[in-house]
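This is coords_25.cif (mmCIF, C-alpha atoms).
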```
data_data
loop_
_atom_site.label_atom_id
_atom_site.label_comp_id
_atom_site.auth_asym_id
_atom_site.auth_seq_id
_atom_site.Cartn_x
_atom_site.Cartn_y
_atom_site.Cartn_z
CA MET A 1 17.50 0.46 -0.43
CA LYS A 2 15.55 -1.19 2.39
CA ILE A 3 13.05 -4.01 1.84
CA SER A 4 9.70 -4.38 3.54
CA THR A 5 6.59 -6.54 3.40
CA THR A 6 3.05 -6.55 4.74
CA THR A 7 2.30 -8.19 8.07
CA GLY A 8 -0.98 -9.41 6.49
CA ARG A 9 -1.04 -13.19 6.50
CA PHE A 10 1.08 -13.57 9.64
CA ASN A 11 -0.75 -10.94 11.66
CA VAL A 12 -4.14 -12.56 10.97
CA LYS A 13 -3.01 -16.19 11.30
CA TYR A 14 -0.93 -15.56 14.41
CA ASP A 15 -0.52 -12.08 15.90
CA LEU A 16 1.62 -8.99 15.34
CA LYS A 17 4.44 -10.16 17.61
CA LYS A 18 4.69 -13.45 15.70
CA ALA A 19 4.65 -11.50 12.42
CA VAL A 20 7.58 -9.42 13.66
CA ASP A 21 9.45 -12.57 14.74
CA VAL A 22 8.97 -14.42 11.45
CA LEU A 23 9.52 -11.49 9.09
CA SER A 24 12.54 -10.06 10.88
CA ALA A 25 14.12 -13.53 10.89
CA ALA A 26 13.32 -13.84 7.15
CA GLY A 27 15.57 -10.87 6.41
CA TYR A 28 13.34 -7.83 6.04
CA ASP A 29 14.42 -4.37 7.15
CA ALA A 30 10.93 -3.00 7.67
CA LEU A 31 7.27 -3.97 7.92
CA ASP A 32 4.00 -2.66 6.50
CA PHE A 33 1.33 -2.94 9.20
CA SER A 34 -1.73 -4.28 7.37
CA GLN A 35 -5.00 -2.91 8.75
CA PHE A 36 -7.40 -3.98 6.03
CA ASP A 37 -8.52 -7.25 7.68
CA LYS A 38 -11.53 -6.92 10.00
CA GLU A 39 -9.74 -8.88 12.72
CA VAL A 40 -7.07 -6.18 12.77
CA TYR A 41 -9.02 -2.94 12.40
CA ASP A 42 -11.72 -4.10 14.84
CA ALA A 43 -9.15 -5.06 17.49
CA ASP A 44 -9.49 -3.12 20.73
CA PHE A 45 -5.92 -2.85 21.97
CA PRO A 46 -4.79 0.12 24.09
CA ASP A 47 -2.31 2.62 22.67
CA SER A 48 0.42 1.01 24.78
CA TYR A 49 0.10 -2.20 22.73
CA TYR A 50 1.29 -0.38 19.62
CA THR A 51 4.06 1.59 21.32
CA GLU A 52 5.32 -1.62 22.88
CA MET A 53 5.17 -3.41 19.51
CA ARG A 54 7.22 -0.59 18.01
CA LYS A 55 9.91 -1.14 20.64
CA TYR A 56 9.71 -4.90 20.18
CA ALA A 57 10.20 -4.58 16.42
CA GLU A 58 13.19 -2.31 16.95
CA SER A 59 14.68 -4.88 19.33
CA LYS A 60 14.43 -7.37 16.46
CA GLY A 61 16.19 -4.99 14.07
CA VAL A 62 13.15 -3.91 12.02
CA TYR A 63 10.89 -0.85 11.89
CA PHE A 64 7.37 -0.14 10.64
CA ASN A 65 7.76 1.91 7.47
CA GLN A 66 4.16 2.08 6.29
CA SER A 67 0.65 0.87 6.92
CA HIS A 68 -2.53 0.20 4.96
CA ALA A 69 -5.82 1.63 6.16
CA PRO A 70 -9.10 -0.31 5.92
CA PHE A 71 -10.79 -0.22 2.52
CA SER A 72 -12.96 0.50 0.61
CA SER A 73 -12.89 4.17 1.62
CA SER A 74 -16.47 4.87 0.53
CA TYR A 75 -19.77 3.15 -0.22
CA ALA A 76 -23.14 4.04 -1.71
CA ASP A 77 -24.47 3.91 1.86
CA GLU A 78 -23.60 7.15 3.73
CA GLU A 79 -23.78 5.56 7.19
CA ARG A 80 -21.37 2.83 6.17
CA THR A 81 -19.05 5.44 4.65
CA ALA A 82 -19.08 7.47 7.86
CA LYS A 83 -18.20 4.36 9.87
CA ARG A 84 -15.32 3.62 7.51
CA PHE A 85 -13.98 7.17 7.89
CA THR A 86 -13.76 6.63 11.64
CA GLU A 87 -12.00 3.29 11.07
CA ILE A 88 -9.48 5.00 8.79
CA THR A 89 -8.67 7.70 11.33
CA LYS A 90 -8.22 5.06 14.04
CA ALA A 91 -5.87 3.21 11.71
CA MET A 92 -3.88 6.42 11.24
CA LYS A 93 -3.43 6.78 14.99
CA ARG A 94 -2.36 3.15 15.44
CA ALA A 95 0.12 3.45 12.59
CA SER A 96 1.59 6.60 14.10
CA LEU A 97 2.11 4.81 17.42
CA LEU A 98 4.12 2.19 15.54
CA GLY A 99 6.31 4.93 14.07
CA VAL A 100 4.85 4.68 10.55
CA ARG A 101 5.62 7.56 8.18
CA ASN A 102 3.10 6.79 5.40
CA ILE A 103 -0.33 5.18 5.59
CA ILE A 104 -2.02 4.14 2.36
CA VAL A 105 -5.63 5.30 2.12
CA HIS A 106 -7.48 4.28 -1.04
CA PRO A 107 -9.27 7.01 -2.99
CA CYS A 108 -13.03 6.75 -3.00
CA GLN A 109 -14.49 4.92 -6.01
CA HIS A 110 -18.00 3.88 -4.97
CA VAL A 111 -19.51 4.61 -8.40
CA GLU A 112 -18.55 3.21 -11.79
CA TYR A 113 -15.60 5.24 -12.96
CA ASN A 114 -16.03 4.87 -16.72
CA ILE A 115 -19.43 6.58 -16.92
CA PRO A 116 -19.27 10.14 -18.28
CA GLY A 117 -19.16 12.67 -15.45
CA ASN A 118 -18.19 10.18 -12.77
CA PRO A 119 -14.42 10.80 -12.85
CA GLU A 120 -15.07 14.50 -12.25
CA MET A 121 -17.57 13.74 -9.49
CA LEU A 122 -15.14 11.34 -7.81
CA PHE A 123 -12.37 13.91 -8.04
CA GLU A 124 -14.37 16.51 -6.10
CA TYR A 125 -15.61 13.86 -3.68
CA ASN A 126 -12.03 12.76 -3.01
CA MET A 127 -10.79 16.31 -2.54
CA ASP A 128 -13.28 16.67 0.30
CA PHE A 129 -12.51 13.19 1.67
CA TYR A 130 -8.75 13.67 1.83
CA SER A 131 -9.01 17.25 3.09
CA ARG A 132 -10.92 15.95 6.11
CA LEU A 133 -7.92 13.74 6.94
CA VAL A 134 -5.50 16.69 7.21
CA PRO A 135 -6.18 17.40 10.92
CA TYR A 136 -5.46 13.74 11.73
CA CYS A 137 -2.23 13.83 9.69
CA GLU A 138 -1.14 16.89 11.66
CA GLU A 139 -2.14 15.46 15.03
CA TYR A 140 -0.48 12.08 14.47
CA GLY A 141 2.51 13.23 12.44
CA ILE A 142 1.76 10.89 9.56
CA ARG A 143 1.36 11.24 5.78
CA VAL A 144 -1.49 9.79 3.74
CA ALA A 145 -0.45 8.01 0.56
CA LEU A 146 -2.97 7.86 -2.29
CA GLU A 147 -2.95 4.72 -4.43
CA ASN A 148 -3.70 4.04 -8.09
CA MET A 149 -6.85 1.94 -8.36
CA TRP A 150 -8.85 -0.21 -10.81
CA GLN A 151 -12.43 -1.38 -11.23
CA HIS A 152 -13.90 -4.59 -12.63
CA THR A 153 -16.62 -3.86 -15.20
CA GLY A 154 -16.64 -7.10 -17.15
CA MET A 155 -12.87 -6.76 -17.21
CA ILE A 156 -10.38 -4.78 -15.18
CA ASN A 157 -10.46 -1.12 -16.22
CA HIS A 158 -9.21 2.28 -15.14
CA SER A 159 -10.42 3.96 -11.97
CA THR A 160 -9.33 6.76 -9.65
CA CYS A 161 -5.67 7.74 -9.97
CA SER A 162 -4.97 4.87 -12.40
CA ARG A 163 -3.52 7.21 -15.02
CA PRO A 164 -0.42 9.32 -14.27
CA ASP A 165 -2.08 12.60 -15.27
CA GLU A 166 -5.02 12.08 -12.93
CA PHE A 167 -2.84 10.87 -10.05
CA ILE A 168 -0.70 14.00 -10.40
CA LYS A 169 -3.85 16.15 -10.60
CA TYR A 170 -5.09 14.68 -7.29
CA LEU A 171 -1.82 15.39 -5.49
CA ASP A 172 -1.31 18.82 -7.00
CA ARG A 173 -4.84 19.97 -6.13
CA LEU A 174 -4.43 18.72 -2.55
CA ASN A 175 -1.12 20.63 -2.52
CA ASN A 176 -0.23 19.61 1.02
CA ASP A 177 2.80 17.84 2.47
CA CYS A 178 0.32 15.50 4.20
CA PHE A 179 -0.22 13.69 0.88
CA VAL A 180 2.13 11.56 -1.21
CA ALA A 181 1.85 8.81 -3.81
CA CYS A 182 1.97 5.06 -3.29
CA LEU A 183 2.34 3.45 -6.69
CA ASP A 184 0.89 -0.03 -6.84
CA ILE A 185 2.99 -1.68 -9.53
CA GLY A 186 0.56 -4.53 -10.19
CA HIS A 187 -2.42 -2.18 -10.46
CA ALA A 188 -0.61 -0.10 -13.05
CA ALA A 189 0.13 -3.18 -15.14
CA LEU A 190 -3.49 -4.37 -14.88
CA VAL A 191 -4.86 -1.21 -16.51
CA ARG A 192 -2.15 -1.36 -19.15
CA GLU A 193 -0.08 1.55 -17.87
CA ASP A 194 3.66 0.90 -18.04
CA PRO A 195 4.81 0.93 -14.39
CA ASP A 196 8.25 2.31 -15.30
CA GLN A 197 6.75 5.24 -17.19
CA PHE A 198 4.26 5.83 -14.36
CA ILE A 199 7.22 6.06 -11.96
CA ARG A 200 8.97 8.61 -14.15
CA ARG A 201 5.83 10.75 -14.43
CA LEU A 202 5.26 10.83 -10.68
CA GLY A 203 8.90 11.56 -9.86
CA ALA A 204 10.65 11.33 -6.52
CA LYS A 205 8.94 14.40 -5.06
CA ARG A 206 5.53 12.72 -5.19
CA LEU A 207 6.40 9.00 -5.09
CA LYS A 208 7.29 8.07 -1.53
CA CYS A 209 6.13 4.46 -1.17
CA LEU A 210 5.28 1.38 -3.20
CA HIS A 211 3.10 -1.69 -3.35
CA VAL A 212 5.33 -4.25 -5.02
CA HIS A 213 3.62 -7.31 -6.46
CA ASP A 214 3.17 -9.06 -9.77
CA VAL A 215 0.03 -9.87 -11.76
CA ASP A 216 -0.88 -12.20 -14.61
CA GLY A 217 -2.26 -9.34 -16.71
CA THR A 218 -5.89 -10.29 -16.10
CA ASN A 219 -6.29 -10.68 -12.33
CA ASP A 220 -5.11 -8.68 -9.34
CA SER A 221 -2.87 -11.60 -8.43
CA HIS A 222 -0.76 -9.94 -5.71
CA THR A 223 2.01 -12.47 -6.15
CA LEU A 224 5.78 -12.26 -6.01
CA PRO A 225 7.82 -10.41 -8.66
CA PHE A 226 8.93 -12.61 -11.56
CA PHE A 227 5.76 -14.73 -11.25
CA GLY A 228 3.75 -12.48 -13.58
CA VAL A 229 3.98 -10.06 -16.47
CA VAL A 230 5.78 -7.04 -14.96
CA ASP A 231 9.30 -6.25 -16.19
CA TRP A 232 10.97 -5.71 -12.82
CA HIS A 233 14.32 -4.67 -14.24
CA LYS A 234 12.59 -1.74 -16.00
CA VAL A 235 10.77 -0.88 -12.77
CA MET A 236 13.94 -0.79 -10.69
CA THR A 237 15.78 1.16 -13.37
CA ALA A 238 13.04 3.80 -13.38
CA LEU A 239 13.10 4.05 -9.58
CA ALA A 240 16.86 4.54 -9.69
CA GLU A 241 16.58 7.19 -12.42
CA ILE A 242 14.18 9.38 -10.41
CA GLY A 243 16.17 8.98 -7.18
CA TYR A 244 13.40 7.16 -5.29
CA ASP A 245 14.23 7.29 -1.59
CA GLY A 246 11.66 4.90 -0.11
CA GLU A 247 11.56 1.19 0.50
CA ILE A 248 10.59 -1.77 -1.66
CA THR A 249 7.42 -2.91 0.11
CA PHE A 250 5.87 -6.18 -0.97
CA GLU A 251 2.08 -6.49 -1.08
CA ALA A 252 2.38 -10.03 -2.42
CA ASP A 253 0.38 -11.92 0.19
CA CYS A 254 -1.36 -14.10 -2.39
CA PHE A 255 1.98 -15.82 -2.96
CA PHE A 256 1.15 -17.70 0.24
CA ASP A 257 -2.37 -18.72 -0.78
CA ASP A 258 -1.72 -22.12 -2.36
CA LYS A 259 1.00 -23.09 0.15
CA PRO A 260 0.64 -25.11 3.35
CA VAL A 261 1.07 -22.97 6.46
CA GLU A 262 4.12 -25.09 7.33
CA LEU A 263 5.89 -23.46 4.35
CA TYR A 264 4.99 -19.86 5.19
CA GLU A 265 8.29 -19.08 6.90
CA ASP A 266 10.26 -20.51 3.99
CA CYS A 267 8.11 -18.50 1.56
CA ALA A 268 8.80 -15.35 3.57
CA LYS A 269 12.55 -16.00 3.31
CA PHE A 270 12.33 -16.53 -0.45
CA MET A 271 10.31 -13.33 -0.80
CA ALA A 272 12.93 -11.43 1.19
CA LYS A 273 15.67 -12.86 -1.02
CA THR A 274 13.74 -11.64 -4.08
CA GLY A 275 13.43 -8.22 -2.47
CA ARG A 276 17.15 -8.12 -1.81
CA TYR A 277 17.81 -8.97 -5.46
CA LEU A 278 15.61 -6.05 -6.57
CA ALA A 279 17.28 -3.71 -4.08
CA ASP A 280 20.73 -4.71 -5.30
CA TYR A 281 19.67 -4.15 -8.92
CA PHE A 282 18.37 -0.70 -7.95
CA GLU A 283 21.70 0.19 -6.35
CA LYS A 284 23.58 -0.86 -9.47
CA LYS A 285 21.38 1.40 -11.60
CA LYS A 286 21.75 4.51 -9.43
#
```

Mind converting the file's structure to structure tokens?
Amino acid sequence: MKISTTTGRFNVKYDLKKAVDVLSAAGYDALDFSQFDKEVYDADFPDSYYTEMRKYAESKGVYFNQSHAPFSSSYADEERTAKRFTEITKAMKRASLLGVRNIIVHPCQHVEYNIPGNPEMLFEYNMDFYSRLVPYCEEYGIRVALENMWQHTGMINHSTCSRPDEFIKYLDRLNNDCFVACLDIGHAALVREDPDQFIRRLGAKRLKCLHVHDVDGTNDSHTLPFFGVVDWHKVMTALAEIGYDGEITFEADCFFDDKPVELYEDCAKFMAKTGRYLADYFEKKK
């Protein structure tokens, strides 16, 4: 099993080339190109920048396995939503130029989920939203990965795709090879869904990528595994049982937040070592 992490903190603080340098040296096999920061998705680089960065990464022994589109995917304001749709499709093209196979695109959740009728409304809204991405998937040769979400309504609660049955319903209705599942392990734990059981319900046919991070059970902490409440041995066992064939991809950028920048490279190495431990455990359980 390969290990990957987001370019997030390094791409914003430095640039993508520096992110490749630091993270490849830290021991990662692959990188998740983060496009959710305004500095990144508003950048006006030519296509050649991304194709050259793909070659540069390969020269350093790493590849771009996935990407994360800008979010939120929708707003109450239609003009703002239309602008975001354009930003998402641009992100899909950039990711494809980097050689990315899966780009995570959040489902729309611009209304309160837990009001009667809203889950059904959001389902139909999302069917239209994702269907409009199909031509871009086909043009760029990339898959869109839906993600399990949450909302904060006094406390963190369920939202779109946060329950296995609904996530499966989304993918099965879309019924297109353009769409796969990205299970966010921390999000599942936050809404009190067992991540290992979620993995088993999705199965290897649907589950093609991950957001790996830990949480404290109350906040979307996005920290490193073993620094929160998730049972990572159960998670890796479940992944092995279903025959998961993707990477471990960390979305644990908040692990850096209370550290001096001088320690970032050491933190990246420790994170990679943690990823290697999880990958080794997965291999033992296969």

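In this structure, CA of Ser67 in chain A sits 11.3 Å away from CA of Leu97 in chain A.
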
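Counting all atoms listed in the file, the residue from A:Ala145, A:Val215, A:Met155, A:Leu210 that sits nearest to Thr249 in chain A is A:Leu210.
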
Applying 7 Å and all atoms listed in the file, which residues near Thr160 in chain A remain after dropping the ones on its own chain fewer than 2 positions away? List them as number ranges by chain. A: 107, 109, 148-149, 162

I want to know what sits within 12 Å of Phe33 in chain A, based on all atoms listed in the file, with residues of the same chain fewer than 5 positions away left out; could you give that as a ChimeraX atom specification? /A:4-12,15-17,19-20,23,40-41,50,53-54,57,63-70,91-92,94-104,249-251

Determine the residue membership of the PyMOL selection byres ((chain A and resi 108) around 10) for the file above and supply it as a VMD selection string. chain A and resid 71 to 75 81 105 to 107 109 to 111 122 to 123 125 to 127 129 to 130 149 159 to 160

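CA of Lys93 in chain A lies 8.6 Å from CA of Ile142 in chain A.
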
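CA of Tyr28 in chain A is positioned 19.1 Å from CA of Trp232 in chain A.
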
Would you kindly return, as a PyMOL selection string, each protein, DNA or RNA residue with an atom no farther than 12 Å from any atom of Cys267 in chain A, considering only C-alpha atoms and excluding same-chain residues fewer than 4 positions away? chain A and resi 9-10+22-23+26-27+223-224+252-263+271-274

Preceding selection exported with C-alpha atoms as a PDB file, in the coordinates of the input:
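Dumped to again_29.pdb:
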```pdb
ATOM      1  CA  ARG A   9      -1.040 -13.190   6.500  1.00  0.00           C
ATOM      2  CA  PHE A  10       1.080 -13.570   9.640  1.00  0.00           C
ATOM      3  CA  VAL A  22       8.970 -14.420  11.450  1.00  0.00           C
ATOM      4  CA  LEU A  23       9.520 -11.490   9.090  1.00  0.00           C
ATOM      5  CA  ALA A  26      13.320 -13.840   7.150  1.00  0.00           C
ATOM      6  CA  GLY A  27      15.570 -10.870   6.410  1.00  0.00           C
ATOM      7  CA  THR A 223       2.010 -12.470  -6.150  1.00  0.00           C
ATOM      8  CA  LEU A 224       5.780 -12.260  -6.010  1.00  0.00           C
ATOM      9  CA  ALA A 252       2.380 -10.030  -2.420  1.00  0.00           C
ATOM     10  CA  ASP A 253       0.380 -11.920   0.190  1.00  0.00           C
ATOM     11  CA  CYS A 254      -1.360 -14.100  -2.390  1.00  0.00           C
ATOM     12  CA  PHE A 255       1.980 -15.820  -2.960  1.00  0.00           C
ATOM     13  CA  PHE A 256       1.150 -17.700   0.240  1.00  0.00           C
ATOM     14  CA  ASP A 257      -2.370 -18.720  -0.780  1.00  0.00           C
ATOM     15  CA  ASP A 258      -1.720 -22.120  -2.360  1.00  0.00           C
ATOM     16  CA  LYS A 259       1.000 -23.090   0.150  1.00  0.00           C
ATOM     17  CA  PRO A 260       0.640 -25.110   3.350  1.00  0.00           C
ATOM     18  CA  VAL A 261       1.070 -22.970   6.460  1.00  0.00           C
ATOM     19  CA  GLU A 262       4.120 -25.090   7.330  1.00  0.00           C
ATOM     20  CA  LEU A 263       5.890 -23.460   4.350  1.00  0.00           C
ATOM     21  CA  MET A 271      10.310 -13.330  -0.800  1.00  0.00           C
ATOM     22  CA  ALA A 272      12.930 -11.430   1.190  1.00  0.00           C
ATOM     23  CA  LYS A 273      15.670 -12.860  -1.020  1.00  0.00           C
ATOM     24  CA  THR A 274      13.740 -11.640  -4.080  1.00  0.00           C
TER      25      THR A 274
END
```

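Checking A:Pro135, A:Leu31, A:Val235, A:Ile242 one by one against Ile3 in chain A, counting only C-alpha atoms, you find the shortest gap at A:Leu31.
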
Could you state which residues are captured by the PyMOL selection byres ((chain A and resi 245) around 10) in this file, as a PyMOL selection string? chain A and resi 1-2+204-205+207-209+239-240+242-244+246-248

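Nearest residue to Ile156 in chain A among A:His187, A:Arg276, A:Arg206, A:Lys38 is A:His187, counting only C-alpha atoms.
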
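Closest approach to Ala25 in chain A among A:Ser131, A:Ala268, A:Gly141, A:Tyr281 is made by A:Ala268 (distances from all atoms listed in the file).
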
Which residue gives the smallest distance to Ala181 in chain A among A:Glu166, A:Glu87, A:Glu265, A:Glu193, with only C-alpha atoms counted? A:Glu166

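You can rank A:Thr218, A:Asp266, A:Trp150, A:Lys90 by their closest distance to Asp44 in chain A using only C-alpha atoms, and at the top of that list sits A:Lys90.
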